[in-house]
Amino acid sequence: MDQNIKNLNKELNQNPASRQGTDIKKDEKYMREAIRQAKKAYALEEAPIGCVIVYRDKIIGRGYNRRTVDKNTLAHAELTAIRKACRKMEDWRLEECTMYVTLEPCQMCSGAIVQARIPRVVVGCMNPKAGCAGSILNLLDMKEFNHQADLTIGVLGEECSEMMKQFFRELRERQKAKKKS
Ligand SMILES: [Zn+2]
């Protein structure tokens with residue numbers, strides 16, 4: 001990961017108030033909703049990733065990771081939320097919307113965010129191994145594309161990252177138990 005991003009992440013996690021120009025209370029409120037979605041994935045023994053899309057203070061799309069239960073590469077939280085939001089807006093453009101997602105989006109979802117022209121993305125915790133909103137690369141901020149999204153990271157970051165850690169801990173335990181039996 002880029003050292004600058006690492007430092008930024010650290011700073012944001014330690015001091016969320018260092019985020020400027022954003023309504024922290026509102027961000028946390030909607031991140032809680034994204035976490036609620038993530039818990040639905042967790043209940044299905046899926047990696048707990050959740051997402052909501054907000055338009056004028058209203059949630060217009062929700063989604064959670066269902067990749068394994070649906071046996072579908074495309075069943076990421078963000079894509080499901082985008083699909084639902086587009087249906088609601090009757091538009092493929094999601095201008096004026098904000099996406100809240102518990103984990104940094106992958107290359108596919110970051111691509112979809114740019115395609116949907118979502119102007120702002122709020123991320124819980126970063127994903128150094130697969131994230132494409134700053135970790136491996138930042139697809140949300142490429143001047144070569146016709147759209148860039150503003151990014152806020154580290155909103156309820158501890159909670160989001162602890163949820164992932166717990167999931168992988170339990171997954172390893174389940175796999176160990178399976179091997180034994
Ligand atoms: Zn994704």
# chains A, B, ... in the order shown; residues from 1 in each chain; ligands from 1
>>> residues_near_ligand(ligand="ligand 1", cutoff="10 Å", atoms="only C-alpha atoms and all ligand atoms", output="number ranges by chain")
A: 49, 65, 67, 73-80, 103-112, 130-132
>>> select_by_dssp(residues="segment 10-175 of chain A", states="alpha helix (DSSP H)", output="PyMOL selection string")
chain A and resi 10-14+24-43+67-70+77-89+107-115+157-175
>>> closest_atom_pairs(of="segment 115-145 of chain A", to="segment 27-32 of chain A", cutoff="9 Å", atoms="only C-alpha atoms", output="Markdown table")
| residue | atom | partner | partner_atom | distance |
| --- | --- | --- | --- | --- |
| A:Val122 | CA | A:Asp27 | CA | 7.5 |
| A:Val123 | CA | A:Met31 | CA | 8.2 |
| A:Gly124 | CA | A:Met31 | CA | 7.3 |
>>> residues_around(residues="Arg120 of chain A", least_positions_apart="6", cutoff="8 Å", atoms="only C-alpha atoms", output="PyMOL selection string")
chain A and resi 97-99+149-152
>>> residues_around(residues="Glu46 of chain A", least_positions_apart="6", cutoff="9 Å", atoms="only C-alpha atoms", output="list in words")
Ala38, Lys40, Asn65, Arg66, Arg67, Thr68, Val69 and Phe167 of chain A
>>> closest_residue(among="A:Ala47, A:Asp23, A:Ile53, A:Leu94", to="Phe168 of chain A", atoms="only C-alpha atoms")
A:Ala47
>>> atom_distance(atom1="atom CA of Ala43 of chain A", atom2="atom CA of Lys165 of chain A")
14.9 Å
>>> atom_distance(atom1="atom CA of Met89 of chain A", atom2="atom CA of Gly61 of chain A")
9.7 Å
>>> atom_distance(atom1="atom CA of Asn146 of chain A", atom2="atom CA of Pro119 of chain A")
11.9 Å
>>> closest_residue(among="A:Thr102, A:Ile136, A:Asn72, A:Gln37", to="Gly157 of chain A", atoms="only C-alpha atoms")
A:Thr102
>>> closest_residue(among="A:Leu156, A:Met164, A:Trp92, A:Cys86", to="Lys25 of chain A", atoms="only C-alpha atoms")
A:Leu156
